[in-house]
>>> print(open('target19.tsv').read())   # TSV, C-alpha atoms and all ligand atoms
chain	number	residue	atom	x	y	z
O	1	MET	CA	-56.56	51.07	-21.51
O	2	LYS	CA	-53.80	53.70	-21.42
O	3	ASN	CA	-52.88	54.93	-24.91
O	4	ILE	CA	-49.20	55.81	-24.65
O	5	LEU	CA	-46.92	57.39	-27.22
O	6	VAL	CA	-43.46	55.99	-26.53
O	7	THR	CA	-40.78	57.75	-28.57
O	8	GLY	CA	-37.33	56.35	-29.33
O	9	GLY	CA	-38.58	52.86	-28.54
O	10	ALA	CA	-36.24	51.19	-31.04
O	11	GLY	CA	-33.15	52.34	-29.13
O	12	PHE	CA	-31.44	50.62	-26.23
O	13	ILE	CA	-33.49	51.69	-23.20
O	14	GLY	CA	-36.77	52.28	-25.05
O	15	SER	CA	-36.80	48.80	-26.60
O	16	ASN	CA	-35.96	47.15	-23.28
O	17	PHE	CA	-38.78	49.19	-21.73
O	18	ILE	CA	-41.37	48.18	-24.34
O	19	ASN	CA	-40.39	44.49	-24.21
O	20	TYR	CA	-40.52	44.57	-20.41
O	21	ILE	CA	-43.77	46.46	-20.06
O	22	LEU	CA	-45.76	44.63	-22.75
O	23	ASP	CA	-44.80	41.36	-21.16
O	24	LYS	CA	-46.24	42.55	-17.89
O	25	ARG	CA	-49.24	44.74	-18.64
O	26	ASP	CA	-52.14	44.47	-21.03
O	27	ASP	CA	-53.68	47.77	-19.91
O	28	TYR	CA	-51.13	49.76	-21.96
O	29	PHE	CA	-51.53	50.37	-25.70
O	30	ILE	CA	-48.12	51.45	-26.96
O	31	VAL	CA	-47.50	53.46	-30.11
O	32	ASN	CA	-43.74	53.38	-30.62
O	33	LEU	CA	-42.56	56.33	-32.72
O	34	ASP	CA	-38.94	56.09	-33.77
O	35	LYS	CA	-36.96	57.74	-36.56
O	36	LEU	CA	-34.65	54.70	-36.82
O	37	THR	CA	-31.44	56.70	-36.75
O	38	TYR	CA	-28.17	54.73	-36.65
O	39	ALA	CA	-29.11	53.83	-33.03
O	40	GLY	CA	-32.63	52.57	-33.72
O	41	ASN	CA	-33.04	48.88	-34.50
O	42	LEU	CA	-36.31	47.01	-34.94
O	43	GLU	CA	-34.59	43.72	-34.15
O	44	ASN	CA	-34.53	44.90	-30.52
O	45	LEU	CA	-38.33	44.69	-30.52
O	46	ILE	CA	-38.82	41.16	-31.83
O	47	PRO	CA	-40.28	40.07	-28.44
O	48	SER	CA	-43.05	42.71	-28.81
O	49	GLU	CA	-43.81	42.24	-32.50
O	50	GLY	CA	-47.32	41.07	-33.31
O	51	LYS	CA	-48.79	42.00	-29.92
O	52	LYS	CA	-52.31	43.44	-30.16
O	53	ASN	CA	-51.49	46.37	-27.91
O	54	TYR	CA	-48.36	47.45	-29.83
O	55	GLN	CA	-47.92	49.58	-32.95
O	56	PHE	CA	-44.64	50.77	-34.51
O	57	ILE	CA	-44.48	53.99	-36.54
O	58	ARG	CA	-41.33	55.23	-38.24
O	59	GLY	CA	-41.06	58.99	-37.90
O	60	ASP	CA	-39.37	62.03	-36.41
O	61	ILE	CA	-40.50	63.68	-33.16
O	62	CYS	CA	-39.64	67.03	-34.78
O	63	ASN	CA	-42.42	66.51	-37.36
O	64	ALA	CA	-45.31	68.47	-35.76
O	65	GLU	CA	-47.83	67.39	-38.39
O	66	LEU	CA	-47.08	63.71	-37.80
O	67	ILE	CA	-47.25	64.14	-34.03
O	68	ASP	CA	-50.62	65.85	-34.30
O	69	TYR	CA	-51.89	63.06	-36.57
O	70	LEU	CA	-50.74	60.37	-34.10
O	71	PHE	CA	-52.27	62.07	-31.04
O	72	ASN	CA	-55.53	62.31	-32.94
O	73	LYS	CA	-55.57	58.87	-34.54
O	74	TYR	CA	-54.51	56.90	-31.46
O	75	LYS	CA	-56.24	59.12	-28.85
O	76	ILE	CA	-52.90	59.57	-27.12
O	77	LYS	CA	-53.20	60.68	-23.50
O	78	PHE	CA	-49.76	59.68	-22.24
O	79	VAL	CA	-46.21	60.30	-23.52
O	80	ILE	CA	-42.91	58.69	-22.55
O	81	ASN	CA	-40.11	60.47	-24.38
O	82	PHE	CA	-36.99	58.37	-24.81
O	83	ALA	CA	-36.16	59.72	-28.30
O	84	ALA	CA	-32.85	61.53	-28.32
O	85	GLU	CA	-29.40	61.62	-29.74
O	86	SER	CA	-27.70	59.98	-26.79
O	87	HIS	CA	-23.94	59.69	-27.30
O	88	VAL	CA	-21.58	62.30	-25.80
O	89	ASP	CA	-18.68	61.62	-28.20
O	90	ARG	CA	-20.96	62.12	-31.22
O	91	SER	CA	-22.21	65.41	-29.73
O	92	ILE	CA	-18.59	66.56	-29.53
O	93	LEU	CA	-18.07	65.67	-33.22
O	94	GLY	CA	-21.21	67.62	-34.23
O	95	SER	CA	-23.93	69.09	-32.05
O	96	GLU	CA	-26.68	70.32	-34.42
O	97	VAL	CA	-28.75	67.14	-34.55
O	98	PHE	CA	-28.61	66.93	-30.73
O	99	PHE	CA	-30.35	70.28	-30.33
O	100	ARG	CA	-32.81	69.45	-33.09
O	101	SER	CA	-33.97	66.09	-31.75
O	102	ASN	CA	-33.45	66.63	-28.03
O	103	VAL	CA	-34.73	70.21	-27.73
O	104	ILE	CA	-36.94	70.99	-30.75
O	105	GLY	CA	-38.31	67.43	-30.77
O	106	THR	CA	-39.24	67.65	-27.09
O	107	ASN	CA	-40.89	71.01	-27.75
O	108	VAL	CA	-43.06	69.52	-30.51
O	109	LEU	CA	-44.16	66.73	-28.16
O	110	LEU	CA	-44.88	69.11	-25.28
O	111	GLU	CA	-46.96	71.36	-27.53
O	112	ALA	CA	-49.04	68.36	-28.60
O	113	ALA	CA	-49.37	67.18	-24.98
O	114	ARG	CA	-50.66	70.67	-24.11
O	115	ARG	CA	-53.19	70.79	-27.00
O	116	TYR	CA	-54.48	67.27	-26.40
O	117	GLU	CA	-54.54	67.65	-22.61
O	118	SER	CA	-52.21	64.75	-21.90
O	119	GLU	CA	-52.63	63.04	-18.57
O	120	LYS	CA	-48.89	62.41	-18.16
O	121	PHE	CA	-45.69	63.37	-19.96
O	122	LEU	CA	-42.62	61.47	-18.79
O	123	GLN	CA	-39.37	63.03	-19.98
O	124	VAL	CA	-36.56	60.48	-19.77
O	125	SER	CA	-33.52	62.52	-18.81
O	126	THR	CA	-30.06	61.90	-17.48
O	127	ASP	CA	-27.79	62.56	-14.49
O	128	GLU	CA	-25.38	64.24	-16.93
O	129	VAL	CA	-27.44	67.43	-16.67
O	130	TYR	CA	-25.86	67.96	-13.22
O	131	GLY	CA	-22.32	68.12	-14.62
O	132	SER	CA	-19.36	66.60	-12.81
O	133	LEU	CA	-18.68	65.78	-9.15
O	134	GLY	CA	-15.42	65.95	-7.21
O	135	THR	CA	-14.22	62.98	-5.19
O	136	ASP	CA	-17.22	63.02	-2.87
O	137	GLY	CA	-20.89	64.01	-2.80
O	138	LEU	CA	-23.92	62.80	-4.76
O	139	PHE	CA	-26.31	64.40	-7.26
O	140	THR	CA	-29.70	65.08	-5.68
O	141	GLU	CA	-32.78	66.45	-7.44
O	142	THR	CA	-31.91	69.93	-6.14
O	143	THR	CA	-28.31	69.94	-7.38
O	144	LEU	CA	-27.87	72.89	-9.76
O	145	LEU	CA	-27.81	71.97	-13.44
O	146	HIS	CA	-24.32	72.34	-14.89
O	147	PRO	CA	-24.22	70.37	-18.14
O	148	ASN	CA	-20.78	70.19	-19.74
O	149	SER	CA	-21.24	68.56	-23.15
O	150	PRO	CA	-23.43	69.50	-26.11
O	151	TYR	CA	-25.40	66.30	-25.39
O	152	SER	CA	-26.00	67.05	-21.71
O	153	SER	CA	-26.79	70.71	-22.36
O	154	SER	CA	-29.44	69.67	-24.91
O	155	LYS	CA	-30.98	67.33	-22.31
O	156	ALA	CA	-30.87	70.04	-19.62
O	157	GLY	CA	-32.59	72.45	-22.04
O	158	ALA	CA	-35.34	69.90	-22.62
O	159	ASP	CA	-35.77	69.34	-18.85
O	160	LEU	CA	-36.17	73.06	-18.20
O	161	MET	CA	-38.59	73.44	-21.07
O	162	ALA	CA	-40.68	70.50	-19.84
O	163	LEU	CA	-40.83	71.96	-16.31
O	164	SER	CA	-41.88	75.33	-17.76
O	165	PHE	CA	-44.77	73.62	-19.59
O	166	HIS	CA	-45.87	72.20	-16.26
O	167	HIS	CA	-45.58	75.56	-14.50
O	168	THR	CA	-47.20	77.64	-17.25
O	169	TYR	CA	-49.80	75.36	-18.82
O	170	GLY	CA	-50.20	72.66	-16.22
O	171	VAL	CA	-48.93	69.88	-18.50
O	172	PRO	CA	-48.44	66.96	-16.07
O	173	VAL	CA	-44.71	66.58	-16.66
O	174	LEU	CA	-42.54	64.05	-14.83
O	175	ILE	CA	-38.77	64.04	-15.21
O	176	THR	CA	-36.39	61.17	-14.49
O	177	ARG	CA	-32.62	61.54	-14.33
O	178	CYS	CA	-30.89	58.19	-14.49
O	179	SER	CA	-27.23	57.21	-14.31
O	180	ASN	CA	-25.31	55.06	-16.85
O	181	ASN	CA	-27.27	52.04	-18.10
O	182	TYR	CA	-25.95	48.71	-19.36
O	183	GLY	CA	-27.61	45.54	-20.64
O	184	PRO	CA	-28.72	43.80	-23.84
O	185	TYR	CA	-29.28	45.79	-27.08
O	186	GLN	CA	-26.97	48.67	-26.15
O	187	PHE	CA	-25.37	50.21	-29.23
O	188	PRO	CA	-21.64	49.41	-29.27
O	189	GLU	CA	-20.48	53.03	-29.20
O	190	LYS	CA	-21.05	53.06	-25.41
O	191	LEU	CA	-18.29	51.92	-23.00
O	192	ILE	CA	-19.52	48.46	-21.95
O	193	PRO	CA	-20.66	46.99	-25.31
O	194	LEU	CA	-17.71	48.58	-27.12
O	195	MET	CA	-15.25	46.96	-24.73
O	196	ILE	CA	-17.03	43.58	-24.88
O	197	ILE	CA	-17.08	43.52	-28.68
O	198	ASN	CA	-13.48	44.73	-29.08
O	199	THR	CA	-12.38	42.07	-26.60
O	200	LEU	CA	-14.25	39.38	-28.53
O	201	ASN	CA	-12.56	40.64	-31.73
O	202	ASP	CA	-9.10	40.95	-30.10
O	203	LYS	CA	-9.08	44.67	-30.87
O	204	LYS	CA	-7.50	47.32	-28.64
O	205	LEU	CA	-9.69	48.70	-25.83
O	206	PRO	CA	-9.51	52.53	-26.01
O	207	VAL	CA	-9.61	53.88	-22.46
O	208	TYR	CA	-9.86	57.67	-22.30
O	209	GLY	CA	-7.38	59.64	-20.19
O	210	ASP	CA	-6.22	57.84	-17.05
O	211	GLY	CA	-9.22	55.48	-16.89
O	212	GLN	CA	-10.15	56.85	-13.46
O	213	ASN	CA	-13.34	58.67	-14.50
O	214	VAL	CA	-16.20	57.30	-12.44
O	215	ARG	CA	-19.69	56.39	-13.62
O	216	ASP	CA	-22.58	55.04	-11.53
O	217	TRP	CA	-23.94	51.94	-13.30
O	218	ILE	CA	-27.49	50.58	-13.37
O	219	TYR	CA	-28.91	47.56	-15.18
O	220	VAL	CA	-31.43	48.64	-17.82
O	221	ILE	CA	-34.30	46.59	-16.34
O	222	ASP	CA	-33.88	48.35	-12.98
O	223	HIS	CA	-34.13	51.66	-14.87
O	224	ASN	CA	-37.27	50.45	-16.66
O	225	LYS	CA	-38.93	49.43	-13.40
O	226	ALA	CA	-38.14	52.87	-11.98
O	227	LEU	CA	-39.70	54.49	-15.06
O	228	GLU	CA	-42.82	52.37	-14.56
O	229	ALA	CA	-43.01	53.52	-10.92
O	230	VAL	CA	-42.63	57.19	-11.87
O	231	PHE	CA	-45.13	56.86	-14.72
O	232	GLU	CA	-47.71	55.19	-12.48
O	233	LYS	CA	-47.16	56.99	-9.17
O	234	GLY	CA	-44.96	60.07	-9.75
O	235	LYS	CA	-46.17	63.54	-8.88
O	236	PRO	CA	-46.46	65.96	-11.83
O	237	GLY	CA	-43.85	68.73	-11.80
O	238	GLU	CA	-41.37	66.54	-9.90
O	239	VAL	CA	-37.90	65.28	-10.81
O	240	TYR	CA	-36.79	61.78	-9.77
O	241	ASN	CA	-33.15	60.63	-9.76
O	242	ILE	CA	-32.59	56.97	-10.61
O	243	GLY	CA	-29.42	55.05	-9.78
O	244	ALA	CA	-28.14	51.85	-8.23
O	245	SER	CA	-25.33	53.24	-6.02
O	246	ASN	CA	-22.73	51.47	-8.05
O	247	GLU	CA	-19.85	53.83	-8.73
O	248	MET	CA	-16.92	52.45	-10.62
O	249	PRO	CA	-13.84	53.81	-12.41
O	250	ASN	CA	-13.88	52.95	-16.12
O	251	ILE	CA	-10.66	50.95	-15.97
O	252	LYS	CA	-12.13	48.60	-13.35
O	253	ILE	CA	-15.03	47.75	-15.68
O	254	VAL	CA	-12.69	47.18	-18.61
O	255	LYS	CA	-10.61	44.78	-16.51
O	256	LEU	CA	-13.73	42.93	-15.32
O	257	ILE	CA	-14.77	42.41	-18.95
O	258	LEU	CA	-11.31	41.11	-19.91
O	259	LYS	CA	-11.32	38.75	-16.94
O	260	GLU	CA	-14.79	37.40	-17.71
O	261	LEU	CA	-13.78	36.75	-21.34
O	262	GLY	CA	-10.39	35.29	-20.39
O	263	LYS	CA	-8.34	37.86	-22.33
O	264	SER	CA	-5.12	39.71	-21.46
O	265	GLU	CA	-4.96	43.24	-20.05
O	266	GLY	CA	-2.43	43.84	-22.85
O	267	LEU	CA	-5.46	44.71	-25.00
O	268	ILE	CA	-5.97	47.92	-23.00
O	269	LYS	CA	-4.80	51.08	-24.73
O	270	TYR	CA	-4.91	54.45	-22.97
O	271	VAL	CA	-5.89	57.07	-25.53
O	272	LYS	CA	-6.39	60.84	-25.70
O	273	ASP	CA	-9.05	62.01	-23.26
O	274	ARG	CA	-12.59	63.00	-24.27
O	275	LEU	CA	-12.90	66.80	-24.57
O	276	GLY	CA	-14.49	68.28	-21.43
O	277	HIS	CA	-14.66	64.78	-19.90
O	278	ASP	CA	-16.82	64.76	-16.74
O	279	ARG	CA	-14.80	63.20	-13.91
O	280	ARG	CA	-17.38	61.59	-11.69
O	281	TYR	CA	-21.13	60.90	-11.58
O	282	ALA	CA	-22.91	59.50	-8.52
O	283	ILE	CA	-26.63	59.53	-7.89
O	284	ASP	CA	-28.66	59.87	-4.73
O	285	SER	CA	-31.90	58.03	-5.48
O	286	SER	CA	-33.39	58.17	-1.99
O	287	LYS	CA	-36.34	60.30	-3.17
O	288	ILE	CA	-37.75	57.67	-5.55
O	289	ALA	CA	-37.08	54.98	-2.94
O	290	LYS	CA	-38.86	56.89	-0.20
O	291	GLU	CA	-41.75	58.36	-2.19
O	292	LEU	CA	-42.44	55.65	-4.78
O	293	GLY	CA	-41.01	52.55	-3.14
O	294	TRP	CA	-38.59	51.72	-5.99
O	295	LYS	CA	-35.25	50.05	-5.35
O	296	PRO	CA	-32.76	48.45	-7.77
O	297	VAL	CA	-32.54	44.67	-7.55
O	298	PHE	CA	-29.72	43.66	-9.91
O	299	GLU	CA	-26.24	43.15	-8.52
O	300	PHE	CA	-23.54	44.68	-10.76
O	301	GLU	CA	-21.08	41.83	-11.39
O	302	GLU	CA	-23.88	39.33	-11.98
O	303	ALA	CA	-25.79	41.60	-14.37
O	304	LEU	CA	-22.55	42.55	-16.16
O	305	SER	CA	-21.78	38.88	-16.61
O	306	HIS	CA	-25.31	38.32	-17.98
O	307	THR	CA	-24.78	41.26	-20.35
O	308	ILE	CA	-21.45	39.87	-21.58
O	309	LYS	CA	-23.12	36.51	-22.18
O	310	TRP	CA	-25.85	38.24	-24.19
O	311	TYR	CA	-23.25	39.84	-26.50
O	312	VAL	CA	-21.40	36.51	-26.85
O	313	GLU	CA	-24.66	34.79	-27.83
O	314	ASN	CA	-25.91	37.57	-30.13
O	315	LYS	CA	-23.00	38.11	-32.48
O	316	ASN	CA	-25.33	38.45	-35.47
O	317	TRP	CA	-27.04	41.42	-33.79
O	318	TRP	CA	-23.82	43.39	-33.35
O	319	ASN	CA	-22.01	42.10	-36.46
O	320	ARG	CA	-24.72	43.71	-38.59
O	321	ILE	CA	-24.18	46.98	-36.67
O	322	ILE	CA	-20.40	47.09	-36.78
O	323	SER	CA	-20.33	46.38	-40.51
O	324	GLY	CA	-22.46	49.48	-41.28
O	325	GLU	CA	-22.23	53.23	-40.51
O	326	TYR	CA	-20.44	52.30	-37.30
O	327	GLN	CA	-17.18	51.70	-39.21
O	328	LYS	CA	-17.08	55.30	-40.40
O	329	TYR	CA	-17.90	56.62	-36.91
O	330	TYR	CA	-15.28	54.34	-35.35
O	331	ARG	CA	-12.57	55.57	-37.74
O	332	VAL	CA	-13.40	59.23	-37.03
O	333	GLN	CA	-13.58	58.70	-33.25
O	334	TYR	CA	-10.68	56.31	-32.74
O	335	GLY	CA	-8.57	56.69	-35.91
O	336	SER	CA	-6.73	53.50	-36.75
O	337	ARG	CA	-6.41	52.56	-33.06
W	1	LIG	P1	-30.25	55.26	-28.02
W	1	LIG	O1	-29.33	56.17	-28.75
W	1	LIG	O2	-29.91	53.82	-27.90
W	1	LIG	O3	-31.72	55.34	-28.68
W	1	LIG	C1	-32.30	56.54	-29.05
W	1	LIG	C2	-33.51	56.20	-29.95
W	1	LIG	O4	-34.15	57.43	-30.30
W	1	LIG	C3	-33.12	55.51	-31.27
W	1	LIG	O5	-33.97	54.43	-31.52
W	1	LIG	C4	-33.31	56.61	-32.31
W	1	LIG	O6	-33.66	56.11	-33.59
W	1	LIG	C5	-34.43	57.43	-31.69
W	1	LIG	N1	-34.44	58.84	-32.14
W	1	LIG	C6	-33.40	59.71	-32.14
W	1	LIG	N2	-33.80	60.90	-32.63
W	1	LIG	C7	-35.12	60.77	-32.93
W	1	LIG	C8	-36.10	61.65	-33.47
W	1	LIG	N3	-35.78	62.90	-33.81
W	1	LIG	N4	-37.35	61.19	-33.64
W	1	LIG	C9	-37.68	59.91	-33.30
W	1	LIG	N5	-36.80	59.03	-32.82
W	1	LIG	C10	-35.54	59.46	-32.63
W	1	LIG	O7	-30.46	55.92	-26.59
W	1	LIG	P2	-30.68	55.24	-25.17
W	1	LIG	O8	-29.36	54.96	-24.56
W	1	LIG	O9	-31.68	54.17	-25.31
W	1	LIG	O10	-31.32	56.48	-24.37
W	1	LIG	C11	-32.73	56.69	-24.37
W	1	LIG	C12	-33.03	57.93	-23.55
W	1	LIG	O11	-32.55	57.75	-22.21
W	1	LIG	C13	-32.36	59.21	-24.06
W	1	LIG	O12	-33.26	60.26	-23.92
W	1	LIG	C14	-31.16	59.38	-23.13
W	1	LIG	O13	-30.83	60.75	-23.00
W	1	LIG	C15	-31.69	58.82	-21.84
W	1	LIG	N6	-30.70	58.24	-20.93
W	1	LIG	C16	-29.77	57.32	-21.37
W	1	LIG	C17	-28.89	56.74	-20.47
W	1	LIG	C18	-27.88	55.69	-20.91
W	1	LIG	O14	-27.05	55.28	-20.10
W	1	LIG	N7	-27.90	55.22	-22.15
W	1	LIG	C19	-28.93	57.11	-19.12
W	1	LIG	C20	-29.87	58.06	-18.70
W	1	LIG	C21	-30.75	58.60	-19.62
W	2	LIG	O1	-24.93	59.18	-17.17
W	2	LIG	C1	-25.93	58.89	-18.10
W	2	LIG	C2	-25.35	58.98	-19.50
W	2	LIG	O2	-24.52	57.85	-19.66
W	2	LIG	C3	-26.42	59.03	-20.58
W	2	LIG	O3	-27.15	60.21	-20.46
W	2	LIG	C4	-25.79	58.97	-21.97
W	2	LIG	O4	-26.81	58.88	-22.96
W	2	LIG	C5	-24.92	57.73	-22.05
W	2	LIG	O5	-24.26	57.72	-23.30
W	2	LIG	C6	-23.89	57.73	-20.92
W	2	LIG	O6	-22.91	58.78	-21.09
W	2	LIG	P1	-21.34	58.53	-20.80
W	2	LIG	O7	-20.58	59.51	-21.58
W	2	LIG	O8	-21.09	58.44	-19.35
W	2	LIG	O9	-21.21	57.03	-21.40
W	2	LIG	P2	-20.11	56.35	-22.34
W	2	LIG	O10	-20.46	54.91	-22.42
W	2	LIG	O11	-19.92	57.08	-23.62
W	2	LIG	O12	-18.78	56.51	-21.49
W	2	LIG	C7	-18.68	56.00	-20.17
W	2	LIG	C8	-17.30	56.33	-19.64
W	2	LIG	O13	-16.32	55.58	-20.38
W	2	LIG	C9	-16.91	57.79	-19.82
W	2	LIG	O14	-16.14	58.20	-18.71
W	2	LIG	C10	-16.04	57.79	-21.08
W	2	LIG	C11	-15.38	56.43	-21.02
W	2	LIG	N1	-15.05	55.83	-22.34
W	2	LIG	C12	-16.07	55.71	-23.24
W	2	LIG	C13	-15.82	55.17	-24.48
W	2	LIG	C14	-16.93	55.04	-25.50
W	2	LIG	C15	-13.77	55.37	-22.61
W	2	LIG	O15	-12.85	55.46	-21.77
W	2	LIG	N2	-13.54	54.83	-23.85
W	2	LIG	C16	-14.51	54.72	-24.79
W	2	LIG	O16	-14.21	54.24	-25.91
>>> encode(input="target19.tsv", output="structure tokens")
Amino acid sequence: MKNILVTGGAGFIGSNFINYILDKRDDYFIVNLDKLTYAGNLENLIPSEGKKNYQFIRGDICNAELIDYLFNKYKIKFVINFAAESHVDRSILGSEVFFRSNVIGTNVLLEAARRYESEKFLQVSTDEVYGSLGTDGLFTETTLLHPNSPYSSSKAGADLMALSFHHTYGVPVLITRCSNNYGPYQFPEKLIPLMIINTLNDKKLPVYGDGQNVRDWIYVIDHNKALEAVFEKGKPGEVYNIGASNEMPNIKIVKLILKELGKSEGLIKYVKDRLGHDRRYAIDSSKIAKELGWKPVFEFEEALSHTIKWYVENKNWWNRIISGEYQKYYRVQYGSR
């Protein structure tokens, strides 16, 4: 049995990962530690509730005493760190909590991994640490880090710290850098769920700038399978890019969502650009394909359509979210638009 501390497992990617992995493997015992910030939601984990090899703990990764207690109590030998403040626009509104959770929190976990001689520490990072691309080229694992937002700089800081713990103390750190995810349970501050929900509610769709910024999209289950491959077979001290070679300008995605839901493009509203908005991300994931045999399997339009269907069928899930703290955030971010 592998005793694994999974942090941030009540968020979008972490909950999809736990539901996926517990369905598949009974050789993992998962302790899910999550602070339940605005982005954490235990409803995401209903498929895993009650399983013998699953335990949820509410708590903060910055709390060193709690982390020590959990490593001791559950004989933790493995860590998968999803916990983070994850939204770029929120980091532009206020950065402090990003550095606390994403940098200090990762430091607390790494220190515990060092003391308890962890067998693996998987740091779930992002392609945003590389900064922005021009019209061509791809991010590889050797691209220089050039993070442009408070969010991405906090993630880059955590990556460098994790690699230094490998180099200095021999902590068996693995780092993954994935592109933009989409799928069920994504908090509706992110592009795809926000546009789906606004379309369903006949609200304006706020497209930043000229709508031509490009992101490289991957279905969340493909990301989770890549994380499983890195966790099982990755080489400590290595970085693995994860992506599905699916670049798309934002406006194209917004139009696909409108088409799928049978609504007019008149709902689109071009709004003021995001500060410091990265123009283009595109990932070269040939290393993980070659070395670990992982490849994405989901086709974009089909998985997007499945995702839209999930939001249509799970209105209660997002209605509870958009009637809470989200309203305040939405007003600050988008004004009365
Ligand atoms: P999310 O915002 O949906 O979830 C983050 C989770 O972490 C929430 O459940 C939250 O409660 C928890 N959390 C935050 N601070 C915490 C703390 N101090 N202690 C304990 N728990 C805390 O994020 P997500 O989109 O699921 O992203 C998960 C990870 O994947 C992040 O590290 C993010 O940087 C990375 N990532 C995300 C994407 C993407 O497209 N969403 C792509 C690549 C990498
Ligand atoms: O690349 C991986 C990253 O992807 C992750 O590390 C981050 O955690 C995740 O939030 C995501 O960051 P982005 O900033 O790329 O995602 P977001 O969904 O916020 O925005 C995607 C694109 O859509 C971006 O170019 C900004 C644009 N956008 C976004 C919103 C919310 C709009 O035009 N309008 C919007 O209202």
>>> closest_residue(input="target19.tsv", among="O:Asn180, O:Asn63, O:Asn201, O:Asn3", to="ligand LIG 1 (chain W)", atoms="only C-alpha atoms and all ligand atoms")
O:Asn180
>>> residues_near_ligand(input="target19.tsv", ligand="ligand LIG 1 (chain W)", cutoff="8 Å", atoms="only C-alpha atoms and all ligand atoms", output="number ranges by chain")
O: 7-15, 33-41, 58-62, 81-87, 100-102, 105, 123-128, 155, 177-182, 186-187, 190
>>> residues_near_ligand(input="target19.tsv", ligand="ligand LIG 2 (chain W)", cutoff="9 Å", atoms="only C-alpha atoms and all ligand atoms", output="JSON, numbers by chain")
{"O": [84, 85, 86, 87, 88, 89, 125, 126, 127, 128, 129, 151, 152, 155, 177, 178, 179, 180, 181, 182, 188, 189, 190, 191, 192, 193, 194, 195, 205, 206, 207, 208, 209, 210, 211, 212, 213, 214, 215, 216, 217, 249, 250, 251, 254, 270, 271, 273, 274, 277, 278, 279, 280, 281, 282, 333, 334]}
>>> write_last_selection(input="target19.tsv", atoms="C-alpha atoms", output="JSON list (two decimals), in the frame of the given file")
[["chain", "number", "residue", "atom", "x", "y", "z"],
["O", 84, "ALA", "CA", -32.85, 61.53, -28.32],
["O", 85, "GLU", "CA", -29.40, 61.62, -29.74],
["O", 86, "SER", "CA", -27.70, 59.98, -26.79],
["O", 87, "HIS", "CA", -23.94, 59.69, -27.30],
["O", 88, "VAL", "CA", -21.58, 62.30, -25.80],
["O", 89, "ASP", "CA", -18.68, 61.62, -28.20],
["O", 125, "SER", "CA", -33.52, 62.52, -18.81],
["O", 126, "THR", "CA", -30.06, 61.90, -17.48],
["O", 127, "ASP", "CA", -27.79, 62.56, -14.49],
["O", 128, "GLU", "CA", -25.38, 64.24, -16.93],
["O", 129, "VAL", "CA", -27.44, 67.43, -16.67],
["O", 151, "TYR", "CA", -25.40, 66.30, -25.39],
["O", 152, "SER", "CA", -26.00, 67.05, -21.71],
["O", 155, "LYS", "CA", -30.98, 67.33, -22.31],
["O", 177, "ARG", "CA", -32.62, 61.54, -14.33],
["O", 178, "CYS", "CA", -30.89, 58.19, -14.49],
["O", 179, "SER", "CA", -27.23, 57.21, -14.31],
["O", 180, "ASN", "CA", -25.31, 55.06, -16.85],
["O", 181, "ASN", "CA", -27.27, 52.04, -18.10],
["O", 182, "TYR", "CA", -25.95, 48.71, -19.36],
["O", 188, "PRO", "CA", -21.64, 49.41, -29.27],
["O", 189, "GLU", "CA", -20.48, 53.03, -29.20],
["O", 190, "LYS", "CA", -21.05, 53.06, -25.41],
["O", 191, "LEU", "CA", -18.29, 51.92, -23.00],
["O", 192, "ILE", "CA", -19.52, 48.46, -21.95],
["O", 193, "PRO", "CA", -20.66, 46.99, -25.31],
["O", 194, "LEU", "CA", -17.71, 48.58, -27.12],
["O", 195, "MET", "CA", -15.25, 46.96, -24.73],
["O", 205, "LEU", "CA", -9.69, 48.70, -25.83],
["O", 206, "PRO", "CA", -9.51, 52.53, -26.01],
["O", 207, "VAL", "CA", -9.61, 53.88, -22.46],
["O", 208, "TYR", "CA", -9.86, 57.67, -22.30],
["O", 209, "GLY", "CA", -7.38, 59.64, -20.19],
["O", 210, "ASP", "CA", -6.22, 57.84, -17.05],
["O", 211, "GLY", "CA", -9.22, 55.48, -16.89],
["O", 212, "GLN", "CA", -10.15, 56.85, -13.46],
["O", 213, "ASN", "CA", -13.34, 58.67, -14.50],
["O", 214, "VAL", "CA", -16.20, 57.30, -12.44],
["O", 215, "ARG", "CA", -19.69, 56.39, -13.62],
["O", 216, "ASP", "CA", -22.58, 55.04, -11.53],
["O", 217, "TRP", "CA", -23.94, 51.94, -13.30],
["O", 249, "PRO", "CA", -13.84, 53.81, -12.41],
["O", 250, "ASN", "CA", -13.88, 52.95, -16.12],
["O", 251, "ILE", "CA", -10.66, 50.95, -15.97],
["O", 254, "VAL", "CA", -12.69, 47.18, -18.61],
["O", 270, "TYR", "CA", -4.91, 54.45, -22.97],
["O", 271, "VAL", "CA", -5.89, 57.07, -25.53],
["O", 273, "ASP", "CA", -9.05, 62.01, -23.26],
["O", 274, "ARG", "CA", -12.59, 63.00, -24.27],
["O", 277, "HIS", "CA", -14.66, 64.78, -19.90],
["O", 278, "ASP", "CA", -16.82, 64.76, -16.74],
["O", 279, "ARG", "CA", -14.80, 63.20, -13.91],
["O", 280, "ARG", "CA", -17.38, 61.59, -11.69],
["O", 281, "TYR", "CA", -21.13, 60.90, -11.58],
["O", 282, "ALA", "CA", -22.91, 59.50, -8.52],
["O", 333, "GLN", "CA", -13.58, 58.70, -33.25],
["O", 334, "TYR", "CA", -10.68, 56.31, -32.74]]
>>> closest_residue(input="target19.tsv", among="O:Ser264, O:Thr176, O:Asn198, O:Ser305", to="Glu141 of chain O", atoms="all atoms listed in the file")
O:Thr176
>>> axis_aligned_box(input="target19.tsv", around="segment 162-179 of chain O", padding_each_side="6 Å", output="JSON")
{"center_x": -38.7, "center_y": 67.4, "center_z": -17.1, "size_x": 35.0, "size_y": 32.4, "size_z": 17.5}
